[in-house]
$ cat coords_24.txt   # compact mmCIF, C-alpha atoms
# COMPACT_ATOMS: atom_id res chain seq x y z
CA MET A 1 11.05 4.29 -25.59
CA PRO A 2 12.53 7.54 -24.26
CA ARG A 3 11.68 8.97 -20.89
CA ARG A 4 8.56 11.10 -20.80
CA ARG A 5 9.07 14.79 -20.11
CA ILE A 6 8.26 15.59 -16.51
CA GLY A 7 6.07 18.52 -17.50
CA PHE A 8 4.88 21.72 -15.84
CA TRP A 9 2.50 20.26 -13.28
CA TYR A 10 4.95 17.71 -11.88
CA ARG A 11 7.67 20.35 -11.65
CA PHE A 12 5.21 22.71 -9.96
CA ALA A 13 4.29 19.99 -7.44
CA ALA A 14 8.00 19.38 -6.81
CA VAL A 15 8.57 23.09 -6.15
CA LEU A 16 5.79 23.01 -3.54
CA CYS A 17 6.61 19.70 -1.86
CA LYS A 18 10.37 19.20 -1.98
CA PRO A 19 11.44 22.09 0.33
CA PRO A 20 9.36 20.96 3.34
CA LEU A 21 10.39 17.34 2.73
CA VAL A 22 14.07 18.31 2.72
CA VAL A 23 13.60 20.26 5.96
CA LEU A 24 11.56 17.60 7.76
CA ILE A 25 13.35 14.38 6.81
CA LYS A 26 16.84 13.23 5.94
CA ARG A 27 17.33 10.81 3.06
CA ASP A 28 18.74 7.31 2.85
CA TRP A 29 17.97 6.30 -0.73
CA ARG A 30 19.30 3.12 -2.30
CA GLY A 31 18.58 1.00 -5.34
CA MET A 32 17.99 3.73 -7.92
CA GLU A 33 20.02 1.63 -10.37
CA HIS A 34 17.10 -0.81 -10.50
CA ILE A 35 14.73 1.83 -11.91
CA PRO A 36 14.50 1.19 -15.69
CA ALA A 37 15.91 4.01 -17.80
CA GLU A 38 13.36 3.38 -20.55
CA GLY A 39 10.06 1.63 -21.15
CA GLY A 40 7.01 1.06 -19.01
CA PHE A 41 7.22 -0.56 -15.60
CA ILE A 42 5.47 -0.89 -12.24
CA THR A 43 6.74 -0.02 -8.80
CA ALA A 44 5.13 -1.87 -5.89
CA VAL A 45 5.54 0.00 -2.60
CA ASN A 46 4.64 -0.69 1.03
CA HIS A 47 2.37 1.82 2.77
CA ASN A 48 2.71 2.83 6.43
CA SER A 49 1.90 6.56 6.65
CA HIS A 50 -0.29 9.20 5.08
CA VAL A 51 2.87 11.10 4.10
CA ASP A 52 4.87 8.22 2.66
CA PRO A 53 3.50 8.82 -0.89
CA LEU A 54 5.31 12.17 -0.78
CA ALA A 55 8.52 10.61 0.54
CA TYR A 56 8.43 7.88 -2.09
CA ALA A 57 7.47 10.32 -4.89
CA HIS A 58 10.50 12.46 -3.92
CA PHE A 59 12.76 9.42 -4.37
CA GLN A 60 11.12 8.43 -7.66
CA TYR A 61 11.15 12.00 -9.02
CA ASN A 62 14.90 12.17 -8.52
CA THR A 63 15.39 9.08 -10.69
CA GLY A 64 13.95 10.97 -13.66
CA ARG A 65 11.09 8.46 -13.99
CA VAL A 66 8.15 10.13 -12.29
CA PRO A 67 5.45 7.85 -10.85
CA ARG A 68 1.83 7.81 -11.97
CA PHE A 69 -0.26 6.92 -8.93
CA LEU A 70 -3.66 5.28 -9.02
CA ALA A 71 -6.31 7.44 -7.33
CA LYS A 72 -10.08 7.56 -6.95
CA SER A 73 -11.69 8.93 -10.09
CA GLY A 74 -13.67 11.50 -8.07
CA LEU A 75 -10.49 13.39 -7.17
CA PHE A 76 -9.99 14.30 -10.82
CA LYS A 77 -13.18 16.41 -10.81
CA LYS A 78 -12.34 18.71 -7.88
CA GLY A 79 -11.03 22.15 -8.87
CA PHE A 80 -7.32 22.73 -8.34
CA VAL A 81 -6.75 19.20 -7.01
CA GLY A 82 -8.37 17.74 -10.11
CA ALA A 83 -6.30 19.97 -12.38
CA ALA A 84 -3.12 18.91 -10.59
CA MET A 85 -4.07 15.23 -10.75
CA ARG A 86 -4.74 15.45 -14.46
CA GLY A 87 -1.71 17.63 -15.13
CA THR A 88 0.70 15.28 -13.35
CA GLY A 89 -0.70 12.30 -15.23
CA GLN A 90 -2.13 10.43 -12.26
CA ILE A 91 -4.40 7.51 -13.12
CA PRO A 92 -8.10 7.46 -12.20
CA VAL A 93 -9.50 4.21 -10.83
CA TYR A 94 -13.19 3.72 -11.57
CA ARG A 95 -14.30 1.68 -8.61
CA GLU A 96 -17.87 1.34 -9.86
CA THR A 97 -16.86 -1.09 -12.60
CA THR A 98 -17.67 -4.76 -12.09
CA ASP A 99 -14.77 -5.88 -14.30
CA ALA A 100 -11.68 -6.04 -12.08
CA LEU A 101 -9.29 -5.77 -15.00
CA SER A 102 -11.06 -2.84 -16.69
CA ALA A 103 -10.62 -0.86 -13.45
CA PHE A 104 -6.91 -0.90 -14.27
CA ARG A 105 -7.22 -0.32 -18.02
CA ALA A 106 -5.72 3.16 -17.72
CA ALA A 107 -2.78 1.71 -15.78
CA ILE A 108 -2.22 -0.88 -18.50
CA GLU A 109 -2.33 1.82 -21.17
CA ALA A 110 0.14 3.97 -19.18
CA VAL A 111 2.62 1.09 -18.91
CA GLU A 112 2.26 0.38 -22.62
CA ARG A 113 3.06 4.07 -23.29
CA GLY A 114 6.29 3.67 -21.36
CA GLU A 115 5.19 5.18 -18.03
CA CYS A 116 6.05 4.22 -14.45
CA VAL A 117 2.86 3.23 -12.60
CA ALA A 118 3.12 3.13 -8.80
CA PHE A 119 1.00 0.61 -6.89
CA TYR A 120 0.40 0.30 -3.17
CA PRO A 121 -0.59 -3.39 -3.25
CA GLU A 122 -1.88 -3.36 0.33
CA GLY A 123 -4.55 -0.91 -0.78
CA THR A 124 -4.34 1.06 2.47
CA ILE A 125 -1.95 1.86 5.31
CA THR A 126 -0.78 -1.34 6.95
CA ARG A 127 -2.68 -2.51 10.00
CA ASP A 128 0.05 -4.90 11.08
CA PRO A 129 0.84 -4.08 14.74
CA ASP A 130 4.57 -3.78 13.93
CA GLN A 131 3.99 -2.01 10.59
CA TRP A 132 5.15 -4.85 8.37
CA PRO A 133 3.50 -5.18 4.93
CA MET A 134 0.12 -6.88 4.92
CA THR A 135 -1.24 -9.28 2.33
CA GLY A 136 -1.66 -7.49 -1.00
CA LYS A 137 -4.49 -6.96 -3.43
CA THR A 138 -4.10 -8.34 -6.94
CA GLY A 139 -4.18 -5.13 -9.04
CA ALA A 140 -0.42 -4.83 -9.54
CA ALA A 141 -0.15 -8.51 -10.47
CA ARG A 142 -3.00 -8.15 -12.97
CA VAL A 143 -1.34 -5.26 -14.77
CA ALA A 144 2.10 -6.90 -14.63
CA LEU A 145 0.89 -10.18 -16.12
CA GLN A 146 -1.18 -8.41 -18.73
CA THR A 147 1.72 -6.24 -19.92
CA ARG A 148 4.69 -8.43 -18.85
CA CYS A 149 6.43 -5.26 -17.72
CA PRO A 150 9.10 -5.16 -14.99
CA VAL A 151 7.80 -4.93 -11.42
CA ILE A 152 10.25 -3.06 -9.18
CA PRO A 153 9.70 -3.73 -5.46
CA VAL A 154 10.24 -0.70 -3.23
CA ALA A 155 10.37 -0.67 0.57
CA GLN A 156 10.24 2.50 2.62
CA TRP A 157 10.54 3.38 6.30
CA GLY A 158 10.78 6.70 8.14
CA ALA A 159 7.76 8.65 6.97
CA ASN A 160 5.80 6.54 9.46
CA GLU A 161 8.00 7.94 12.23
CA LEU A 162 7.22 11.47 11.09
CA LEU A 163 3.50 10.68 10.93
CA PRO A 164 2.60 7.28 12.45
CA PRO A 165 -0.11 5.18 10.81
CA TYR A 166 -3.57 6.72 11.18
CA ALA A 167 -2.17 9.55 13.33
CA ARG A 168 -2.93 13.24 12.70
CA LYS A 169 0.01 14.92 14.44
CA LEU A 170 3.53 15.14 13.02
CA HIS A 171 6.43 14.00 15.21
CA VAL A 172 8.95 16.50 13.90
CA PHE A 173 11.74 16.16 16.49
CA PRO A 174 14.20 14.58 16.33
CA ARG A 175 14.50 14.88 12.55
CA LYS A 176 13.52 11.62 10.87
CA THR A 177 15.21 9.74 8.02
CA SER A 178 13.35 8.57 4.95
CA HIS A 179 14.75 5.17 4.01
CA VAL A 180 13.79 4.05 0.49
CA LEU A 181 15.22 0.88 -1.04
CA ALA A 182 14.36 -0.31 -4.56
CA GLY A 183 15.19 -3.87 -5.53
CA PRO A 184 15.69 -5.80 -8.76
CA PRO A 185 12.57 -6.74 -10.77
CA VAL A 186 10.31 -9.38 -9.26
CA ASP A 187 10.54 -12.67 -11.18
CA LEU A 188 7.01 -13.37 -12.41
CA THR A 189 8.00 -15.33 -15.52
CA ARG A 190 6.53 -18.60 -14.20
CA PHE A 191 3.08 -16.99 -14.32
CA TYR A 192 3.27 -15.87 -17.94
CA GLY A 193 0.98 -17.54 -20.47
CA LYS A 194 -1.35 -18.94 -17.81
CA GLU A 195 -4.99 -18.15 -17.15
CA MET A 196 -5.26 -15.26 -14.68
CA SER A 197 -7.36 -17.16 -12.17
CA PRO A 198 -7.90 -15.81 -8.64
CA ASP A 199 -5.45 -18.38 -7.24
CA LEU A 200 -2.75 -17.47 -9.77
CA LEU A 201 -3.17 -13.74 -9.13
CA LYS A 202 -3.04 -14.33 -5.38
CA GLU A 203 0.16 -16.35 -5.74
CA ALA A 204 1.79 -13.72 -7.97
CA THR A 205 0.78 -11.00 -5.52
CA GLY A 206 2.35 -13.01 -2.70
CA VAL A 207 5.64 -13.12 -4.63
CA ILE A 208 5.56 -9.33 -5.08
CA MET A 209 4.78 -8.71 -1.41
CA ALA A 210 7.53 -11.13 -0.31
CA ASP A 211 10.13 -9.14 -2.28
CA ILE A 212 8.93 -5.86 -0.74
CA THR A 213 9.06 -7.41 2.73
CA ARG A 214 12.61 -8.70 2.23
CA LEU A 215 13.72 -5.20 1.29
CA LEU A 216 12.04 -3.77 4.37
CA GLU A 217 13.83 -6.37 6.50
CA GLN A 218 17.11 -4.99 5.15
CA ILE A 219 16.11 -1.44 6.07
CA ARG A 220 14.88 -2.33 9.55
CA GLY A 221 17.50 -4.96 10.35
CA ALA A 222 14.76 -7.23 11.65
CA LYS A 223 12.80 -10.29 10.56
CA ALA A 224 9.19 -9.96 9.44
CA PRO A 225 6.53 -12.43 10.64
CA GLU A 226 6.39 -15.68 8.69
CA THR A 227 2.72 -15.09 7.89
CA PRO A 228 1.78 -11.58 6.71
CA TYR A 229 -1.02 -9.80 8.49
CA ASP A 230 -4.31 -10.45 6.67
CA PRO A 231 -7.08 -7.90 7.38
CA ARG A 232 -9.77 -10.27 6.13
CA ARG A 233 -8.56 -13.10 8.34
CA GLU A 234 -8.32 -10.70 11.28
CA ARG A 235 -11.92 -9.54 10.74
CA ILE A 236 -13.11 -13.15 10.73
CA GLU A 237 -11.15 -13.88 13.90
CA GLN A 238 -12.50 -10.73 15.53
CA ARG A 239 -16.07 -11.79 14.73
CA ARG A 240 -15.38 -15.21 16.22
CA ARG A 241 -13.92 -13.67 19.36
CA THR A 242 -16.88 -11.33 19.68
CA ALA A 243 -19.34 -14.19 19.22
CA ALA A 244 -17.50 -16.29 21.81
CA GLU A 245 -17.44 -13.40 24.31
CA THR A 246 -21.16 -12.77 23.76
CA GLU A 247 -21.91 -16.44 24.30
CA GLN A 248 -19.90 -16.42 27.54
CA LEU A 249 -21.69 -13.33 28.82
CA GLU A 250 -25.08 -14.83 28.01
CA SER A 251 -24.09 -18.07 29.72
CA ARG A 252 -22.97 -16.18 32.84
CA ALA A 253 -26.19 -14.19 32.88
CA GLU A 254 -28.26 -17.37 32.74
CA SER A 255 -26.15 -18.95 35.48
CA ALA A 256 -26.60 -15.89 37.69
CA THR A 257 -30.42 -16.05 37.46
CA GLU A 258 -30.80 -19.79 38.12
CA PRO A 259 -30.16 -19.69 41.93
CA LYS A 260 -32.62 -16.81 42.27
CA VAL A 261 -35.35 -18.78 40.48
CA GLU A 262 -34.74 -21.85 42.64
CA GLN A 263 -34.83 -19.69 45.78
CA GLU A 264 -38.14 -18.14 44.82
CA GLU A 265 -39.62 -21.57 44.15
CA GLY A 266 -38.43 -22.79 47.56
CA GLN A 267 -40.06 -19.81 49.30
CA GLY A 268 -43.31 -20.57 47.51
CA THR A 269 -43.49 -24.08 48.98

$ encode --input "coords_24.txt" --output "structure tokens"
Amino acid sequence: MPRRRIGFWYRFAAVLCKPPLVVLIKRDWRGMEHIPAEGGFITAVNHNSHVDPLAYAHFQYNTGRVPRFLAKSGLFKKGFVGAAMRGTGQIPVYRETTDALSAFRAAIEAVERGECVAFYPEGTITRDPDQWPMTGKTGAARVALQTRCPVIPVAQWGANELLPPYARKLHVFPRKTSHVLAGPPVDLTRFYGKEMSPDLLKEATGVIMADITRLLEQIRGAKAPETPYDPRRERIEQRRRTAAETEQLESRAESATEPKVEQEEGQGT
């Protein structure tokens, strides 16, 4: 299937966004040869800054295969933003659905039309203290196994130095470098033809995230933790720590009142 025309809205967005990106950040882009020239595919990208979608989109735009991002369906109803989202072919995610796969039906249809669909498997900016990829959500794996399309892992670093995770102020100086590295397709063939159970989807997602992490290790020249940061596990541990601290405080409070009670009883006799 031939490449889809980029279209007016995507070119308009590029005219608006590319000049400031070129001014603010240098580019170290590698792995463009892994982006399929034709046919539908998925890119799975790590997320560590509010501006890294722009940095990654710049890289992807220059390959000639523009990405279709998944975004909240409500954004498509808001004036100019909605017109731009629709015009650039972004994909609405209907979070109110109870069917996990139907929430990604539009993504499946886009891949089957020969589009590039970009996933941030972590679902949000990483909360890992050292900004390594977290455990991923299963959406990308669901679409990949449903369509059997290539999944291209992409690691990026540098936009997070321009705007650190969850920060609001740009760190413009010194000028930062946007490192983007795309790798060969993730091998998911061992999952084909099997029931898409939660355990299978979790395992396939782990394979995708491992490939992204290995690419990021190449960019950073460092080794990622053996066990990825898991927000759910961290929340459970935080609740346990809070409960233990509360129990200790209550125990100390009881201990502090016991001598006073004994003293008052002694005075009464």

$ closest_atom_pairs --input "coords_24.txt" --of "segment 157-219 of chain A" --to "segment 11-21 of chain A" --cutoff "12 Å" --atoms "all atoms listed in the file" --output "CSV"
residue,atom,partner,partner_atom,distance
A:Gly158,CA,A:Leu21,CA,11.9
A:Ala159,CA,A:Leu21,CA,10.0
A:Leu162,CA,A:Leu21,CA,10.7
A:Val172,CA,A:Leu21,CA,11.3
A:Arg175,CA,A:Leu21,CA,10.9
A:Lys176,CA,A:Leu21,CA,10.4
A:Thr177,CA,A:Leu21,CA,10.4
A:Ser178,CA,A:Leu21,CA,9.5

$ closest_atom_pairs --input "coords_24.txt" --of "segment 53-73 of chain A" --to "segment 150-157 of chain A" --cutoff "10 Å" --atoms "only C-alpha atoms" --output "JSON lines"
{"residue": "A:Pro53", "atom": "CA", "partner": "A:Gln156", "partner_atom": "CA", "distance": 9.9}
{"residue": "A:Ala55", "atom": "CA", "partner": "A:Gln156", "partner_atom": "CA", "distance": 8.5}
{"residue": "A:Tyr56", "atom": "CA", "partner": "A:Gln156", "partner_atom": "CA", "distance": 7.4}

$ closest_atom_pairs --input "coords_24.txt" --of "segment 29-105 of chain A" --to "segment 194-214 of chain A" --cutoff "10 Å" --atoms "only C-alpha atoms" --output "Markdown table"
| residue | atom | partner | partner_atom | distance |
| --- | --- | --- | --- | --- |
| A:Ala44 | CA | A:Ile208 | CA | 7.5 |
| A:Val45 | CA | A:Ile212 | CA | 7.0 |
| A:Asn46 | CA | A:Ile212 | CA | 6.9 |

$ closest_residue --input "coords_24.txt" --among "A:Ser255, A:Asn48, A:Ser73, A:Thr63" --to "Gly31 of chain A" --atoms "only C-alpha atoms"
A:Thr63

$ atom_distance --input "coords_24.txt" --atom1 "atom CA of Phe76 of chain A" --atom2 "atom CA of Ala118 of chain A"
17.3 Å

$ atom_distance --input "coords_24.txt" --atom1 "atom CA of Thr135 of chain A" --atom2 "atom CA of Ala106 of chain A"
24.0 Å
